[in-house]
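What follows is the content of coords37.cif, which has mmCIF, C-alpha atoms and all ligand atoms:
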data_data
loop_
_atom_site.label_atom_id
_atom_site.label_comp_id
_atom_site.auth_asym_id
_atom_site.auth_seq_id
_atom_site.Cartn_x
_atom_site.Cartn_y
_atom_site.Cartn_z
CA MET P 1161 -7.41 -27.26 -8.65
CA LYS P 1162 -10.33 -26.99 -6.23
CA LEU P 1163 -10.33 -25.67 -2.65
CA LYS P 1164 -13.22 -26.11 -0.29
CA ALA P 1165 -13.79 -24.11 2.92
CA ASN P 1166 -16.43 -23.21 5.48
CA TYR P 1167 -16.39 -19.61 4.32
CA ILE P 1168 -15.35 -17.93 1.10
CA LEU P 1169 -15.15 -14.15 1.22
CA THR P 1170 -15.52 -13.15 -2.41
CA ILE P 1171 -15.08 -9.38 -1.88
CA ASN P 1172 -17.29 -8.92 -4.94
CA LYS P 1173 -19.50 -5.81 -5.25
CA GLU P 1174 -22.08 -7.29 -2.86
CA PHE P 1175 -19.37 -8.43 -0.41
CA GLU P 1176 -20.83 -11.89 -0.74
CA ILE P 1177 -19.75 -14.50 1.81
CA ILE P 1178 -20.53 -18.06 0.68
CA GLN P 1179 -20.72 -20.79 3.32
CA ASN P 1180 -19.47 -24.33 2.65
CA ALA P 1181 -18.23 -23.16 -0.70
CA GLU P 1182 -15.64 -24.05 -3.31
CA VAL P 1183 -13.33 -22.25 -5.67
CA ILE P 1184 -11.81 -23.75 -8.83
CA PHE P 1185 -8.76 -22.10 -10.37
CA ASP P 1186 -5.66 -22.49 -12.48
CA LYS P 1187 -3.75 -19.24 -12.95
CA LYS P 1188 -7.09 -17.48 -12.86
CA ILE P 1189 -10.31 -18.04 -10.94
CA ILE P 1190 -12.47 -20.42 -13.00
CA ALA P 1191 -15.52 -20.82 -10.74
CA VAL P 1192 -16.69 -20.01 -7.23
CA GLY P 1193 -19.82 -21.25 -5.47
CA LYS P 1194 -21.42 -24.40 -4.08
CA ASN P 1195 -21.35 -27.94 -5.50
CA LEU P 1196 -18.95 -27.19 -8.35
CA PRO P 1197 -17.82 -29.93 -10.79
CA LYS P 1198 -15.14 -32.40 -9.72
CA CYS P 1199 -11.43 -31.59 -10.21
CA ASP P 1200 -8.28 -33.77 -10.37
CA LYS P 1201 -6.87 -32.04 -7.33
CA GLU P 1202 -9.22 -31.14 -4.50
CA ILE P 1203 -8.45 -29.98 -0.97
CA ASP P 1204 -11.03 -29.65 1.78
CA LEU P 1205 -9.62 -27.15 4.26
CA GLY P 1206 -11.80 -28.44 7.07
CA LYS P 1207 -13.55 -26.98 10.09
CA ASN P 1208 -13.60 -23.17 10.57
CA SER P 1209 -11.61 -22.61 7.40
CA VAL P 1210 -11.70 -19.39 5.43
CA ILE P 1211 -10.65 -18.59 1.87
CA MET P 1212 -10.34 -14.98 0.78
CA PRO P 1213 -8.36 -12.96 -1.75
CA ALA P 1214 -4.69 -12.64 -0.76
CA LEU P 1215 -3.79 -9.29 0.81
CA ILE P 1216 -2.15 -6.38 -1.01
CA ASN P 1217 0.15 -3.91 0.75
CA THR P 1218 -0.09 -0.81 -1.43
CA HIS P 1219 2.71 1.23 0.11
CA SER P 1220 6.07 0.17 1.54
CA HIS P 1221 9.71 1.29 1.58
CA LEU P 1222 11.69 -1.95 1.89
CA GLU P 1223 14.91 0.07 1.57
CA PHE P 1224 14.41 0.91 5.25
CA SER P 1225 13.87 -2.68 6.39
CA PHE P 1226 17.06 -2.71 8.44
CA ASN P 1227 15.54 -0.28 10.92
CA LYS P 1228 14.35 -1.68 14.22
CA THR P 1229 15.25 0.76 16.97
CA LEU P 1230 17.36 3.43 15.32
CA LEU P 1231 14.88 6.15 14.45
CA ASP P 1232 13.17 8.77 16.64
CA TYR P 1233 9.38 8.60 16.88
CA GLY P 1234 6.76 10.92 18.32
CA ASP P 1235 7.17 13.97 16.08
CA PHE P 1236 7.23 14.16 12.30
CA ILE P 1237 10.12 16.62 11.92
CA VAL P 1238 12.22 14.97 14.64
CA TRP P 1239 11.63 11.64 12.85
CA LEU P 1240 12.50 13.14 9.44
CA ASN P 1241 15.77 14.49 10.79
CA SER P 1242 16.62 11.08 12.25
CA VAL P 1243 15.84 9.46 8.88
CA ILE P 1244 18.18 11.88 7.09
CA GLU P 1245 20.86 11.27 9.68
CA ASN P 1246 20.62 7.45 9.50
CA ARG P 1247 19.52 6.93 5.90
CA GLU P 1248 22.92 6.06 4.50
CA GLU P 1249 23.67 3.53 7.24
CA LEU P 1250 20.23 1.90 6.98
CA PHE P 1251 20.45 1.62 3.18
CA ILE P 1252 23.94 0.12 3.22
CA SER P 1253 22.98 -2.34 5.96
CA CYS P 1254 19.90 -3.66 4.14
CA LYS P 1255 21.21 -6.37 1.85
CA GLY P 1256 19.96 -9.76 0.69
CA ASP P 1257 19.00 -11.16 4.07
CA CYS P 1258 17.25 -7.99 5.15
CA TYR P 1259 15.03 -7.96 2.01
CA LYS P 1260 14.42 -11.67 2.36
CA LYS P 1261 13.13 -11.24 5.91
CA ALA P 1262 10.88 -8.35 4.88
CA LEU P 1263 9.39 -10.38 2.02
CA GLU P 1264 9.02 -13.40 4.30
CA GLU P 1265 7.07 -11.42 6.90
CA MET P 1266 4.66 -10.08 4.29
CA LYS P 1267 4.30 -13.50 2.71
CA LYS P 1268 3.47 -15.23 5.99
CA SER P 1269 0.78 -12.64 6.69
CA GLY P 1270 -0.88 -13.52 3.39
CA VAL P 1271 0.38 -10.67 1.22
CA CYS P 1272 0.52 -11.56 -2.48
CA ALA P 1273 1.52 -8.14 -3.84
CA PHE P 1274 3.00 -4.90 -2.62
CA GLY P 1275 3.80 -1.42 -3.83
CA GLU P 1276 7.46 -0.58 -3.25
CA ILE P 1277 8.77 2.96 -3.24
CA SER P 1278 12.35 2.93 -4.47
CA SER P 1279 14.44 6.07 -4.08
CA THR P 1280 17.78 4.66 -5.28
CA GLY P 1281 17.15 1.57 -7.41
CA ASP P 1282 19.48 -0.45 -5.17
CA ASP P 1283 16.59 -2.66 -4.03
CA LEU P 1284 15.93 -3.85 -7.58
CA ARG P 1285 18.40 -6.74 -7.49
CA TYR P 1286 16.80 -8.04 -4.28
CA LEU P 1287 13.24 -7.70 -5.49
CA LYS P 1288 13.54 -9.00 -9.04
CA HIS P 1289 13.13 -12.59 -7.86
CA SER P 1290 10.50 -11.76 -5.24
CA PRO P 1291 8.02 -14.60 -4.66
CA LEU P 1292 5.37 -11.86 -4.25
CA LYS P 1293 4.05 -9.56 -6.96
CA VAL P 1294 5.88 -6.23 -6.94
CA VAL P 1295 4.69 -2.88 -8.22
CA TYR P 1296 7.95 -0.98 -8.23
CA PHE P 1297 7.55 2.79 -7.90
CA ASN P 1298 10.69 4.67 -8.90
CA GLU P 1299 10.62 7.78 -6.77
CA ILE P 1300 11.67 11.30 -7.70
CA ILE P 1301 12.76 13.75 -5.00
CA GLY P 1302 14.57 17.09 -5.18
CA THR P 1303 13.69 20.80 -5.26
CA ASN P 1304 16.94 22.38 -6.40
CA PRO P 1305 16.26 23.93 -9.85
CA GLY P 1306 19.95 23.58 -10.76
CA ALA P 1307 19.76 19.81 -10.25
CA VAL P 1308 16.52 19.17 -12.17
CA ASP P 1309 18.19 17.75 -15.30
CA MET P 1310 20.56 15.53 -13.35
CA LEU P 1311 17.76 14.20 -11.13
CA TYR P 1312 15.55 13.54 -14.14
CA GLN P 1313 18.29 11.66 -16.01
CA ASP P 1314 18.95 9.52 -12.93
CA PHE P 1315 15.21 8.85 -12.62
CA LEU P 1316 14.92 7.85 -16.28
CA ALA P 1317 17.86 5.46 -15.95
CA ARG P 1318 16.17 3.78 -12.95
CA VAL P 1319 12.86 3.52 -14.80
CA GLU P 1320 14.62 1.87 -17.77
CA GLU P 1321 16.45 -0.60 -15.50
CA SER P 1322 13.26 -1.64 -13.73
CA LYS P 1323 11.23 -1.77 -16.93
CA LYS P 1324 13.50 -4.55 -18.22
CA LEU P 1325 12.24 -6.79 -15.40
CA THR P 1326 8.56 -6.33 -16.17
CA ASN P 1327 6.71 -9.65 -16.24
CA GLU P 1328 3.46 -11.07 -14.86
CA LYS P 1329 4.70 -10.60 -11.27
CA PHE P 1330 6.75 -7.43 -11.66
CA LYS P 1331 5.20 -4.12 -12.75
CA ILE P 1332 6.38 -0.55 -12.48
CA GLY P 1333 4.86 2.73 -11.37
CA ILE P 1334 6.20 6.18 -10.56
CA SER P 1335 6.35 8.05 -7.29
CA ILE P 1336 6.60 11.77 -6.60
CA HIS P 1337 7.86 12.01 -3.04
CA SER P 1338 5.57 14.88 -1.93
CA PRO P 1339 4.35 18.38 -2.83
CA TYR P 1340 7.07 19.95 -0.66
CA SER P 1341 10.07 17.92 -1.79
CA VAL P 1342 9.89 17.82 -5.60
CA HIS P 1343 10.38 20.67 -8.07
CA PRO P 1344 7.20 21.26 -10.16
CA ILE P 1345 9.18 20.87 -13.41
CA LEU P 1346 10.17 17.37 -12.30
CA MET P 1347 6.59 16.61 -11.30
CA ASP P 1348 5.36 17.44 -14.81
CA LYS P 1349 8.06 15.40 -16.49
CA VAL P 1350 7.46 12.22 -14.53
CA ILE P 1351 3.66 12.51 -14.53
CA ASN P 1352 3.89 12.66 -18.32
CA ILE P 1353 5.69 9.33 -18.34
CA ALA P 1354 2.94 7.81 -16.19
CA LYS P 1355 0.26 9.21 -18.51
CA ASN P 1356 1.96 7.95 -21.67
CA GLU P 1357 2.60 4.47 -20.29
CA ASN P 1358 -0.52 4.16 -18.14
CA LEU P 1359 1.46 3.60 -14.93
CA PRO P 1360 0.06 3.96 -11.42
CA ILE P 1361 1.41 6.88 -9.37
CA GLN P 1362 1.96 7.27 -5.63
CA THR P 1363 2.72 10.45 -3.72
CA HIS P 1364 2.82 11.32 -0.02
CA PHE P 1365 0.28 14.07 0.64
CA MET P 1366 -0.66 16.03 3.77
CA GLU P 1367 1.00 13.67 6.21
CA SER P 1368 1.71 16.22 8.95
CA LYS P 1369 0.57 19.51 10.38
CA ALA P 1370 4.01 20.88 9.49
CA GLU P 1371 3.37 20.08 5.81
CA ARG P 1372 -0.07 21.75 5.97
CA ARG P 1373 1.40 24.92 7.46
CA TRP P 1374 4.35 25.03 5.10
CA LEU P 1375 2.27 24.66 1.94
CA ASP P 1376 -0.44 27.07 3.15
CA GLU P 1377 1.72 29.78 4.71
CA GLY P 1378 5.38 29.00 4.02
CA GLU P 1379 5.88 28.96 7.77
CA GLY P 1380 6.41 26.59 10.66
CA GLU P 1381 8.72 23.68 11.34
CA PHE P 1382 9.30 22.94 7.68
CA LYS P 1383 10.65 26.46 7.18
CA LEU P 1384 13.37 25.79 9.75
CA PHE P 1385 13.93 22.36 8.24
CA PHE P 1386 14.40 23.68 4.70
CA GLU P 1387 16.64 26.51 5.82
CA LYS P 1388 18.83 24.00 7.61
CA HIS P 1389 19.06 21.40 4.84
CA PHE P 1390 18.41 23.05 1.50
CA LYS P 1391 18.45 26.84 1.85
CA ASN P 1392 15.09 26.84 0.08
CA ALA P 1393 12.60 28.75 2.16
CA LYS P 1394 9.57 28.99 -0.11
CA PRO P 1395 6.94 26.40 -0.99
CA LEU P 1396 6.97 25.87 -4.76
CA ILE P 1397 3.35 24.83 -5.24
CA THR P 1398 -0.05 25.10 -3.55
CA PRO P 1399 -1.81 21.85 -2.53
CA LEU P 1400 -4.59 22.34 -5.11
CA GLU P 1401 -2.13 23.10 -7.92
CA PHE P 1402 -0.31 19.95 -6.91
CA LEU P 1403 -3.45 17.79 -7.02
CA GLU P 1404 -4.46 19.28 -10.39
CA LYS P 1405 -1.33 17.79 -11.96
CA PHE P 1406 -2.58 14.23 -11.39
CA LYS P 1407 -5.79 14.62 -13.38
CA GLY P 1408 -6.21 11.72 -15.81
CA THR P 1409 -3.88 9.37 -13.92
CA ASN P 1410 -4.39 6.57 -11.41
CA THR P 1411 -2.81 8.20 -8.38
CA THR P 1412 -2.80 7.07 -4.76
CA PHE P 1413 -2.25 9.82 -2.23
CA ILE P 1414 -0.46 8.44 0.83
CA HIS P 1415 -1.62 9.54 4.32
CA CYS P 1416 -3.87 12.63 3.66
CA VAL P 1417 -4.33 13.06 7.42
CA TYR P 1418 -4.39 16.85 6.99
CA ALA P 1419 -6.15 17.02 3.61
CA ASN P 1420 -9.02 19.52 3.76
CA ASP P 1421 -12.49 19.27 2.19
CA LYS P 1422 -11.52 21.03 -1.03
CA GLU P 1423 -8.58 18.66 -1.50
CA LEU P 1424 -10.60 15.54 -0.74
CA GLU P 1425 -13.26 16.72 -3.17
CA LYS P 1426 -10.63 17.15 -5.85
CA ILE P 1427 -9.15 13.72 -5.17
CA SER P 1428 -12.64 12.25 -5.39
CA GLN P 1429 -13.43 14.03 -8.67
CA MET P 1430 -10.30 12.65 -10.33
CA ASN P 1431 -11.03 9.15 -8.98
CA GLY P 1432 -7.84 9.33 -6.91
CA LYS P 1433 -7.18 6.85 -4.13
CA ILE P 1434 -5.86 7.20 -0.61
CA ALA P 1435 -3.49 4.89 1.26
CA HIS P 1436 -3.95 4.92 5.02
CA CYS P 1437 -0.95 3.89 7.16
CA PRO P 1438 -2.32 4.03 10.72
CA ILE P 1439 0.69 2.64 12.62
CA SER P 1440 3.09 4.95 10.82
CA ASN P 1441 0.82 7.93 11.51
CA ARG P 1442 0.62 6.93 15.17
CA LEU P 1443 4.39 6.51 15.62
CA LEU P 1444 5.12 9.86 14.00
CA ASN P 1445 2.27 11.25 16.08
CA VAL P 1446 0.64 13.09 13.18
CA GLY P 1447 -2.96 12.15 14.02
CA LEU P 1448 -5.55 9.85 12.52
CA LEU P 1449 -7.09 9.96 9.05
CA ASP P 1450 -10.84 10.62 9.23
CA LEU P 1451 -12.12 7.52 7.44
CA GLU P 1452 -15.76 8.61 7.68
CA ARG P 1453 -14.93 11.80 5.78
CA VAL P 1454 -12.95 9.87 3.16
CA LYS P 1455 -15.94 7.57 2.71
CA ASN P 1456 -18.32 10.50 2.42
CA TYR P 1457 -16.26 11.75 -0.51
CA LYS P 1458 -16.55 8.24 -2.05
CA ILE P 1459 -12.79 7.83 -2.17
CA ASP P 1460 -11.50 4.25 -2.09
CA TYR P 1461 -8.84 3.83 0.54
CA SER P 1462 -6.33 1.06 1.03
CA VAL P 1463 -4.47 0.30 4.24
CA ALA P 1464 -0.69 -0.16 4.06
CA THR P 1465 2.22 -0.68 6.40
CA ASP P 1466 4.53 2.03 5.01
CA GLY P 1467 8.20 1.11 5.59
CA LEU P 1468 9.93 -0.24 8.68
CA SER P 1469 11.23 3.31 9.04
CA SER P 1470 7.85 4.06 10.65
CA ASN P 1471 6.50 0.66 11.68
CA TYR P 1472 7.56 -2.34 13.75
CA SER P 1473 6.09 -4.89 11.35
CA LEU P 1474 5.14 -5.49 7.71
CA ASN P 1475 2.32 -7.85 8.74
CA LEU P 1476 -0.81 -6.48 7.07
CA PHE P 1477 -3.24 -8.28 9.40
CA LYS P 1478 -1.58 -6.48 12.33
CA GLU P 1479 -1.96 -3.21 10.45
CA ILE P 1480 -5.71 -3.55 9.93
CA ARG P 1481 -6.13 -4.74 13.51
CA ALA P 1482 -4.39 -1.56 14.64
CA ALA P 1483 -6.74 0.45 12.40
CA LEU P 1484 -9.74 -1.36 13.88
CA LEU P 1485 -8.64 -0.43 17.41
CA MET P 1486 -7.62 3.15 16.61
CA HIS P 1487 -10.78 4.32 14.85
CA THR P 1488 -12.83 4.35 18.01
CA THR P 1489 -15.77 6.35 16.60
CA LEU P 1490 -16.60 3.73 13.95
CA HIS P 1491 -18.63 0.56 14.60
CA PRO P 1492 -16.16 -2.38 14.61
CA LYS P 1493 -18.46 -4.69 12.63
CA TYR P 1494 -18.77 -2.30 9.67
CA LEU P 1495 -15.25 -0.93 9.92
CA ALA P 1496 -13.90 -4.50 9.74
CA LYS P 1497 -15.66 -4.99 6.41
CA ASP P 1498 -14.17 -1.77 5.03
CA LEU P 1499 -10.70 -2.72 6.29
CA ILE P 1500 -10.86 -6.10 4.56
CA LYS P 1501 -11.79 -4.29 1.33
CA ALA P 1502 -8.95 -1.83 1.95
CA VAL P 1503 -6.31 -4.58 1.79
CA THR P 1504 -7.90 -6.48 -1.12
CA ILE P 1505 -10.10 -4.95 -3.81
CA ASN P 1506 -9.30 -1.28 -3.09
CA ALA P 1507 -5.59 -2.05 -2.99
CA ALA P 1508 -5.80 -3.92 -6.30
CA LYS P 1509 -7.40 -0.87 -7.94
CA SER P 1510 -4.70 1.37 -6.51
CA LEU P 1511 -1.91 -0.76 -7.99
CA ASN P 1512 -3.66 -1.59 -11.32
CA LEU P 1513 -3.74 -5.31 -10.48
CA ASN P 1514 -6.25 -7.93 -11.63
CA ASN P 1515 -6.82 -9.45 -8.18
CA GLY P 1516 -8.32 -8.51 -4.82
CA SER P 1517 -11.57 -10.43 -5.22
CA ILE P 1518 -12.62 -14.01 -5.91
CA GLU P 1519 -14.49 -13.62 -9.19
CA VAL P 1520 -14.21 -15.51 -12.47
CA GLY P 1521 -11.29 -14.20 -14.56
CA LYS P 1522 -9.39 -12.62 -11.68
CA ASP P 1523 -5.83 -13.78 -10.91
CA ALA P 1524 -5.88 -16.75 -8.53
CA ASP P 1525 -4.24 -14.86 -5.65
CA LEU P 1526 -5.79 -16.51 -2.62
CA ILE P 1527 -5.17 -17.14 1.05
CA ALA P 1528 -6.60 -19.74 3.38
CA PHE P 1529 -6.50 -19.94 7.18
CA LYS P 1530 -8.59 -21.17 10.10
CA LEU P 1531 -10.53 -19.35 12.77
CA PRO P 1532 -9.87 -20.66 16.31
CA SER P 1533 -13.51 -21.77 16.68
CA SER P 1534 -16.85 -21.55 14.92
CA ILE P 1535 -18.81 -18.31 14.56
CA LYS P 1536 -22.54 -17.88 15.11
CA ASP P 1537 -23.31 -14.91 12.88
CA VAL P 1538 -21.56 -14.60 9.52
CA GLU P 1539 -21.96 -10.80 9.72
CA PHE P 1540 -19.13 -10.86 12.26
CA LEU P 1541 -16.77 -12.87 10.07
CA PRO P 1542 -14.65 -9.88 8.87
CA LEU P 1543 -14.23 -8.68 12.46
CA GLN P 1544 -13.27 -12.13 13.77
CA ILE P 1545 -10.81 -12.60 10.93
CA ILE P 1546 -9.07 -9.33 11.78
CA LEU P 1547 -8.96 -10.16 15.50
CA HIS P 1548 -7.65 -13.70 15.17
CA THR P 1549 -5.45 -13.89 12.07
CA ASN P 1550 -1.72 -13.19 12.03
CA GLU P 1551 -0.47 -15.74 9.54
CA VAL P 1552 -2.04 -17.84 6.82
CA ASN P 1553 -1.88 -21.59 6.13
CA LYS P 1554 -1.96 -21.25 2.38
CA LEU P 1555 -1.01 -18.56 -0.12
CA PHE P 1556 -1.54 -18.93 -3.85
CA ILE P 1557 -0.18 -16.42 -6.36
CA ASN P 1558 -1.35 -16.80 -9.96
CA GLY P 1559 -2.60 -20.22 -8.84
CA GLU P 1560 0.84 -21.33 -7.66
CA GLU P 1561 1.12 -22.50 -4.05
CA ILE P 1562 3.68 -20.22 -2.35
CA ILE P 1563 2.87 -21.37 1.21
ZN ZN U 1 5.75 6.30 2.67
#
Go through the file and emit its structure as structure tokens.
Ligand SMILES: [Zn+2]
Amino acid sequence: MKLKANYILTINKEFEIIQNAEVIFDKKIIAVGKNLPKCDKEIDLGKNSVIMPALINTHSHLEFSFNKTLLDYGDFIVWLNSVIENREELFISCKGDCYKKALEEMKKSGVCAFGEISSTGDDLRYLKHSPLKVVYFNEIIGTNPGAVDMLYQDFLARVEESKKLTNEKFKIGISIHSPYSVHPILMDKVINIAKNENLPIQTHFMESKAERRWLDEGEGEFKLFFEKHFKNAKPLITPLEFLEKFKGTNTTFIHCVYANDKELEKISQMNGKIAHCPISNRLLNVGLLDLERVKNYKIDYSVATDGLSSNYSLNLFKEIRAALLMHTTLHPKYLAKDLIKAVTINAAKSLNLNNGSIEVGKDADLIAFKLPSSIKDVEFLPLQIILHTNEVNKLFINGEEII
């Protein structure tokens, strides 16, 4: 199969954009460039058309997809309390149709793969036939030392269940909820599984000022929160001890808004990744990740939607447009380029996927769409794409046309 477009964004190392170019693929990319050999099936996408790697949403919680207007925004702890209060109802209410809609929204916005954090395993039956690639992160949460064995057994059972579904579109990973919500014994046990089976890991890290204060001083809003819910009024680990545990793994640290220089340096040294969820951070009013600082530490970041528990949409183009508008100190032209990388090649590395760029041998996970009119300077292409794209005309996953 051959597709032809005005612009192909390869997202290779040089961020090469090829004009009036073609890509030939079956399940994998076979060739990309100009004047390629003839194919049986050829489509010319026409004026102002763009082909680029399909998008990858590294971090989501589809379990919460039923939420529209139920939760309280504006403060992290107030939000967390509202999640705890409504969790049961939201989980029970999200059934087949709810998952279908969530997948549909991602699909229309050109997402070919997503990382799903699963706390219960109930979402498995809805995601096993997902048209999109799933990296399914079974999550561990719990600090009560008396419950460690029970929680671990439950976790293992969920891992085994999900492992049975592993195929070319369904992979598994493991998730440790956060440094403040998981007992260190449990952390070690599940990280060992990831090490032995070479699975990607995700963990929320330094999302709020409250978390920073709690882990540094054992004080603040989290102290009141823990006393209310768990009668556990002492942090069990320091942030650096926590990070040390992930050495030798492929871990993505979610949020990191309040990560300090020492922590970012450590993440960088262990080749850790960061997932940036700007709309979620805004709605919970926790602040904005300093992308310049993250870049200075040479840490690859992806951009993700998080769940509908802290977002109004799972559309990844909307998410990077929000990022573009929020990071007011960065030049839009260069930021746009980084944001495109964040939802393609960086995201692929975070999830251990063989996609995210249009290069020979990569999975043929591609999107195509049209710009509303022609552009004068190709340097502005990433920016114009982010400004003008909400949905795609074509989505291919492993070379199969999904849209
Ligand atoms: Zn999250």
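Here CA of Ala1524 in chain P and CA of Glu1357 in chain P stand 25.7 Å from one another.
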Set the cut-off to 8 Å, count all atoms listed in the file, and list whatever residues fall near ligand ZN 1 (chain U) as a tab-separated table (two decimals) with C-alpha atoms, keeping the file's coordinate frame.
chain	number	residue	atom	x	y	z
P	1219	HIS	CA	2.71	1.23	0.11
P	1220	SER	CA	6.07	0.17	1.54
P	1221	HIS	CA	9.71	1.29	1.58
P	1277	ILE	CA	8.77	2.96	-3.24
P	1364	HIS	CA	2.82	11.32	-0.02
P	1414	ILE	CA	-0.46	8.44	0.83
P	1466	ASP	CA	4.53	2.03	5.01
P	1467	GLY	CA	8.20	1.11	5.59
Margin query: Using all atoms listed in the file and a cutoff of 7 Å, can you tell me which residues are near (-1.2, 7.4, 3.9) in the file's coordinates, and write them out as number ranges by chain?
Written below: P: 1364, 1413-1416, 1434-1437
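Residues lying within 10 Å of (-16.1, -4.7, 6.8). Counted over all atoms listed in the file, they are Ile1171, Phe1175, His1491, Pro1492, Lys1493, Tyr1494, Leu1495, Ala1496, Lys1497, Asp1498, Leu1499, Ile1500, Lys1501, Ala1502, Glu1539, Phe1540, Leu1541, Pro1542, Leu1543 and Ile1546 of chain P.
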Note to self: Under the rule that only C-alpha atoms are counted, which of P:Pro1305, P:Pro1291, P:Gly1516, P:Pro1438 is the nearest residue to Glu1479 in chain P?
What the structure shows: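 Under the stated criterion, the closest residue is P:Pro1438.
In this model, the gap between CA of Ala1273 in chain P and CA of Glu1321 in chain P comes to 20.4 Å.
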Next item on the list: To one decimal in Å, tell me the separation between CA of His1487 in chain P and CA of Arg1442 in chain P.
Entry: 11.7 Å
